[in-house]
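Chemist: Submitted below is the structure of interest, expressed as structure tokens.
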Amino acid sequence: MPSRTKDILIWITTFMIMLIICMPGLWIILSAFRTNGEILTKPAIWIPETLTLDNFRAIFGYGENVVGVPVASYFRNSIIISATSTFLAVFIGMTGGYAFARYRFPGKGSTFLWLMLSRTVPGIALSLPIFIIWSRMGIIDTKFGVILVYTAINVPFTIWLTEGFFRQVPQDLNEAAQIDGCTRWEAFWKIEFPLAKSGIASAGIFAFLTSWNEYALASQLTRSTDSKTLPVGLMDFTAQFTIDWAGMCAMAVIIIIPALILTFLVQKHLIAGLTFGGVKG
Amino acid sequence: MAEVSLKNVVKRYGALEVVHGIDLEIAHNEFVVLVGPSGCGKSTTLRMIAGLEDISDGEIAIGDKVVNMLPPRKRNISMVFQNYALYPHMSVRENLGFSLKIAKRAPEDITKAVDDAADILGLTELLERTPAELSGGQRQRVAMGRAIVRHPDVFLFDEPLSNLDAKLRTQMRVEIKKLHSKVKTTIVYVTHDQIEAMTLADRIVIMKDGHIVQIGTPLEVFERPVDTFVAGFIGSPPMNLIEGSVKDDHVVFSDGRSLPVPPDFTGKIANGRRVVFGFRADVLMPKGHTLAESGVLHDIDLTIDMAEPLGSESILLTTLGGQDIQARMHNPRPVTSGEVLTCELHLEKCHLFDADTTQSLRG
Amino acid sequence: MSRFRRTIRENAVPFALISPAILVILIVVLLPLLFSFYTSFSNYKLIRPDTLWDWIGLRNYERIMGDWDFWVAFGRTVLFLTVALNLEMLFGLGLALLVNKITYGQRTMRTIMMFPMMFSPILVGFQFKYLFNDTIGLVNNALQALGITHEAIPFLVDRWWAFFSIAFAEIWMSTSIFAILILAGLFAMPKDPVEAAKVDGCSNWQVFRHITLPFLMPFIYIAMTIRSLDVARAYDVVDVMTGGGPAGRTELLWTLIARTAYDDARMGRANAMAYVSILLSIFFTWYFFRKLMDARKHLGAF
């Protein structure tokens, strides 16, 4: 095959694949700016006649057609829950990851394996006992209850990632710092932490996204506007008799945007973290 | 200003003992090299002196202070690591000044100390660069600069030259030697390269399997190895070692050939004793290609398998007693494979070791 | 006892460092799982708390063993995972090889490839529910406008179309994990073995089959391991797309658990099912982790 034809084929295939990847999201975003009437029209209107911000106003409780879904509260809950659980998971993951990267201790291998295995438990399976226990403890339908759960499900992964990033920092830097007069604690903060910082940040972003996107557990552990997160809130729309597609699309955009920005920030480190953690062992 | 003394120092990992009770006295300003094959415990010993490893038993003192329980930062030592361990996120200047900054010294003092150290090592031009922008040799120099900047009691070197190519290694060896004469500090240096040990050390400590085998000046360990291990480890090419049994003051080898025992041993070794006969390539030379030397010479005909010309001399590969051995040929001429040459062996410079204990039979 | 205390003392620092992680996993994962293990032997119903102490032995397990709906859902789940994981791997491999060939715009493509991975599963489900809708969905509208069909295709209603739709959503969401990790493998791959093989007279296909693919296998297994950690994310997708319906036609193990537990309030039985689903997840993860370890040994040759 002449290389010219081959190049063109590669480009066409690539274009098709990118279309499949991008199209659904773009269509949602476009729909978020259209009116419900236009979306429902038959036969379909392909080129929107008007673009409007009304859907966004509506879900945040402004304008004429206010939606009965308190998206603003859900948004606030999502931010609080995701940020707090991320902070905790990164802190716990960082101390744990450091121990696994730097110390030898009995039971190290099996502890690591069990921590990782805890991540495999399906959210919905885990939700059953937690639902019962949290109810009895009185932390069902509270932000605290969800934060606790999200911290735990993020810890194995942050340990895995940070362990990998700390292992990238040569052990003798820490030793050199101790000989230069640092305590072990100073050696960590002045040498190892600055070098692993960007990796730890990406572990944090990944944890944030996991919490931000989680549905199976939150759908059972939250009931009211005090604790419901955005993914759970999205289902509020389907409970109504007619589906408000435009409203759902607008809410979907609210959920997507932080995820897209964070993905963009984290991509390089995440790939590095996932691969060397696994391959170089 | 400090001696280093190790008394019966032991290192165990769980049930596994890797260093078995080492005793070593290092004098003030002495340059001591710990040498041995990998896994012999030399690095562990160095790291115990540094305080990077706990000691399981015994006592380590620096100066007149026992430092067993002191963390590295309180021992006033500095260390050059095998991979340099430069802080990648700091400039050369910050790397050099880091220990002084931790010690909370005044900024002007730090600048002055760093400039002085940079001057000694020729780093002045590189001060504002980061380690990633330096070549291997330059990184090595920064690592040494970081060690000298705070005038420690003891310098520790952990195989510092093993990551450099051969040419740079020779060059840095000279620099380390010069550095020692300039800064006058006790140095403990670990290497697996016996040439480094020979060229640098005031005294060499040869280690094997967690024990010290021999301590001595480079010439002592070269000329009077205590056992076959040291004999084979020190010197290049390694000492020829051929096993045989003694009969009437001759050592008879498995192929039936024999050599007289060295003069010191004449009449002292019982018939039938199993021994190892040892001599260096330098003391076995073809007639007409020797260095003018007098002494007790013994002629022996050897079939040459191959010659490795090195220019001013050739190394001859041959066999004796079923062993491959090497001889040295000065003012070489081409030698064909299979040629038989009559060689002279300087008997006084030969060694005898016990075949079972491997120990030297010299008192 | 003294040996135990010595172990603790000698390793005080690492133990202290990992203890928060252990503690939080203990509270949120291990204890609840022990509790649910107990409830799986009880006749616990959400609406009657006292039934928690109603020990019925293995009866929940016997019930689900003889429950046709459970086995259908179980079989469908295994089929779904097999189809989805294999296609994700193949598409991911293809996509990675393709992007590796491209020189211009490669970074942009890598970034775009990452986006589906970061989408909330619930959003993925919603977006395909919207696209595959039989009256207003983009896909049906497009097919009809292009004259390919006249009738709307019941993507979310028909048994096999619905299976296709949820599998499509799952594959759309997770192919990038494979593509990205395999691409990282391609970037890390040393050139020498490939060149040596070409000198030895291998065709392009043989080079791929005998050099490239073996090198990529560990990366494929890492992706599989990571992926198998959260196979249950499919619950979110299916819950929003079809809710397991209509009439149980897209019921997976996880949606069945949710329905049994919360809609039917049969916690005991749901917990028994949940244990089956946990074992399934652990099996997948363990299987691929073993494969990864084996593949890593071979990688040493490179």
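Labels for the structure tokens follow display order: chains A, B, ..., residues from 1 in each chain, ligands from 1.
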Could you list the residues in chain A lying within 6 Å of chain C, using only C-alpha atoms, and format the result as a ChimeraX atom specification?

Modeler: /A:40,92,95-96,99,120-122,125,129-130,149,152,213

Chemist: Those residues you just picked out, can you put them in a file as an mmCIF file, in the first residue's frame with C-alpha atoms?

Modeler:
```cif
data_model
loop_
_atom_site.group_PDB
_atom_site.id
_atom_site.type_symbol
_atom_site.label_atom_id
_atom_site.label_comp_id
_atom_site.auth_asym_id
_atom_site.auth_seq_id
_atom_site.Cartn_x
_atom_site.Cartn_y
_atom_site.Cartn_z
ATOM 1 C CA LEU A 40 -38.477 16.866 21.989
ATOM 2 C CA ILE A 92 -3.506 8.630 55.119
ATOM 3 C CA THR A 95 1.875 8.133 55.363
ATOM 4 C CA GLY A 96 1.025 4.564 54.381
ATOM 5 C CA ALA A 99 5.946 3.272 55.011
ATOM 6 C CA THR A 120 -12.290 -4.775 44.812
ATOM 7 C CA VAL A 121 -15.446 -4.998 46.934
ATOM 8 C CA PRO A 122 -18.296 -3.762 44.718
ATOM 9 C CA ALA A 125 -22.254 -4.978 48.002
ATOM 10 C CA PRO A 129 -23.873 -3.512 55.711
ATOM 11 C CA ILE A 130 -22.754 0.110 55.796
ATOM 12 C CA VAL A 149 -16.668 5.818 53.305
ATOM 13 C CA ALA A 152 -11.648 4.422 52.913
ATOM 14 C CA ASN A 213 -18.154 10.541 40.399
#
```

Chemist: Compute the chain B side of the contact with chain C at 12 Å, counting only C-alpha atoms, and hand it back as a count of residues only.

Modeler: 3

Chemist: Within 10 Å of B:Asp354, counting only C-alpha atoms, which residues qualify if same-chain residues fewer than 2 places away don't, as an mmCIF file with N, CA and C atoms, in the first residue's frame?

Modeler:
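Just written: selection-v4.cif:
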```cif
data_model
loop_
_atom_site.group_PDB
_atom_site.id
_atom_site.type_symbol
_atom_site.label_atom_id
_atom_site.label_comp_id
_atom_site.auth_asym_id
_atom_site.auth_seq_id
_atom_site.Cartn_x
_atom_site.Cartn_y
_atom_site.Cartn_z
ATOM 1 N N ASP B 227 46.039 -15.360 53.109
ATOM 2 C CA ASP B 227 45.445 -16.604 52.615
ATOM 3 C C ASP B 227 45.217 -16.519 51.097
ATOM 4 N N THR B 228 44.726 -17.594 50.537
ATOM 5 C CA THR B 228 44.556 -17.639 49.084
ATOM 6 C C THR B 228 43.508 -16.641 48.606
ATOM 7 N N GLU B 243 47.438 -26.172 43.178
ATOM 8 C CA GLU B 243 47.432 -27.112 44.296
ATOM 9 C C GLU B 243 48.351 -28.290 44.016
ATOM 10 N N ARG B 273 52.078 -33.318 52.610
ATOM 11 C CA ARG B 273 51.134 -32.263 52.973
ATOM 12 C C ARG B 273 50.552 -31.608 51.733
ATOM 13 N N ARG B 274 49.225 -31.380 51.767
ATOM 14 C CA ARG B 274 48.561 -30.726 50.629
ATOM 15 C C ARG B 274 48.759 -29.220 50.768
ATOM 16 N N VAL B 275 49.296 -28.590 49.725
ATOM 17 C CA VAL B 275 49.542 -27.146 49.786
ATOM 18 C C VAL B 275 49.073 -26.494 48.487
ATOM 19 N N VAL B 276 48.975 -25.164 48.531
ATOM 20 C CA VAL B 276 48.721 -24.388 47.317
ATOM 21 C C VAL B 276 49.966 -23.559 47.062
ATOM 22 N N PHE B 277 50.522 -23.706 45.886
ATOM 23 C CA PHE B 277 51.718 -22.968 45.513
ATOM 24 C C PHE B 277 51.266 -21.699 44.799
ATOM 25 N N LEU B 352 53.377 -20.178 49.869
ATOM 26 C CA LEU B 352 52.749 -21.478 50.093
ATOM 27 C C LEU B 352 51.571 -21.298 51.038
ATOM 28 N N ASP B 356 43.933 -26.969 52.843
ATOM 29 C CA ASP B 356 42.638 -27.129 53.520
ATOM 30 C C ASP B 356 42.160 -25.829 54.162
ATOM 31 N N THR B 357 43.059 -25.177 54.919
ATOM 32 C CA THR B 357 42.620 -23.965 55.630
ATOM 33 C C THR B 357 42.775 -22.732 54.766
ATOM 34 N N THR B 358 43.472 -22.810 53.626
ATOM 35 C CA THR B 358 43.787 -21.703 52.721
ATOM 36 C C THR B 358 44.701 -20.666 53.362
ATOM 37 N N GLN B 359 45.146 -20.897 54.601
ATOM 38 C CA GLN B 359 45.988 -19.901 55.270
ATOM 39 C C GLN B 359 47.425 -19.967 54.745
ATOM 40 N N SER B 360 48.105 -18.831 54.791
ATOM 41 C CA SER B 360 49.509 -18.794 54.404
ATOM 42 C C SER B 360 50.345 -19.611 55.389
ATOM 43 N N LEU B 361 51.362 -20.289 54.864
ATOM 44 C CA LEU B 361 52.216 -21.086 55.744
ATOM 45 C C LEU B 361 53.359 -20.267 56.307
ATOM 46 N N ARG B 362 53.456 -19.024 55.857
ATOM 47 C CA ARG B 362 54.444 -18.118 56.443
ATOM 48 C C ARG B 362 53.986 -17.757 57.850
#
```

Chemist: In Å, rounded to a single decimal, give me how far atom CA of A:Leu217 is from atom CA of A:Ser127.

Modeler: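 It comes out at 5.4 Å.
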
Chemist: Once DSSP has gone over the backbone, tell me which residues of stretch 140-287 of chain C are in alpha helix (DSSP H), as a PyMOL selection string.

Modeler: chain C and resi 140-145+159-188+191-199+204-207+213-229+234-241+253-258+267-287

Chemist: At a cut-off of 9 Å, which residues of chain B touch chain A? Count only C-alpha atoms and give the answer as a ChimeraX atom specification.

Modeler: /B:50-52,71-89,98-100,102-103,146-147,150

Chemist: If you run DSSP on the backbone here, which positions in stretch 91-177 of chain B get strand (DSSP E)? Please write them as a list of chain:residue names.

Modeler: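 Assigned to strand (DSSP E), within stretch 91-177 of chain B: B:Val154, B:Phe155, B:Leu156, B:Phe157, B:Asp158.
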
Chemist: Go ahead and write the residues just picked, C-alpha atoms, as an mmCIF file, in the first residue's frame.

Modeler:
```cif
data_model
loop_
_atom_site.group_PDB
_atom_site.id
_atom_site.type_symbol
_atom_site.label_atom_id
_atom_site.label_comp_id
_atom_site.auth_asym_id
_atom_site.auth_seq_id
_atom_site.Cartn_x
_atom_site.Cartn_y
_atom_site.Cartn_z
ATOM 1 C CA VAL B 154 35.226 11.591 59.269
ATOM 2 C CA PHE B 155 34.591 11.231 55.557
ATOM 3 C CA LEU B 156 32.764 8.147 54.381
ATOM 4 C CA PHE B 157 32.891 7.098 50.724
ATOM 5 C CA ASP B 158 30.551 4.352 49.521
#
```

Chemist: How many Å lie between atom CA of B:Val213 and atom CA of B:Leu161, rounded to one decimal?

Modeler: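 These atoms are spaced 23.8 Å apart.
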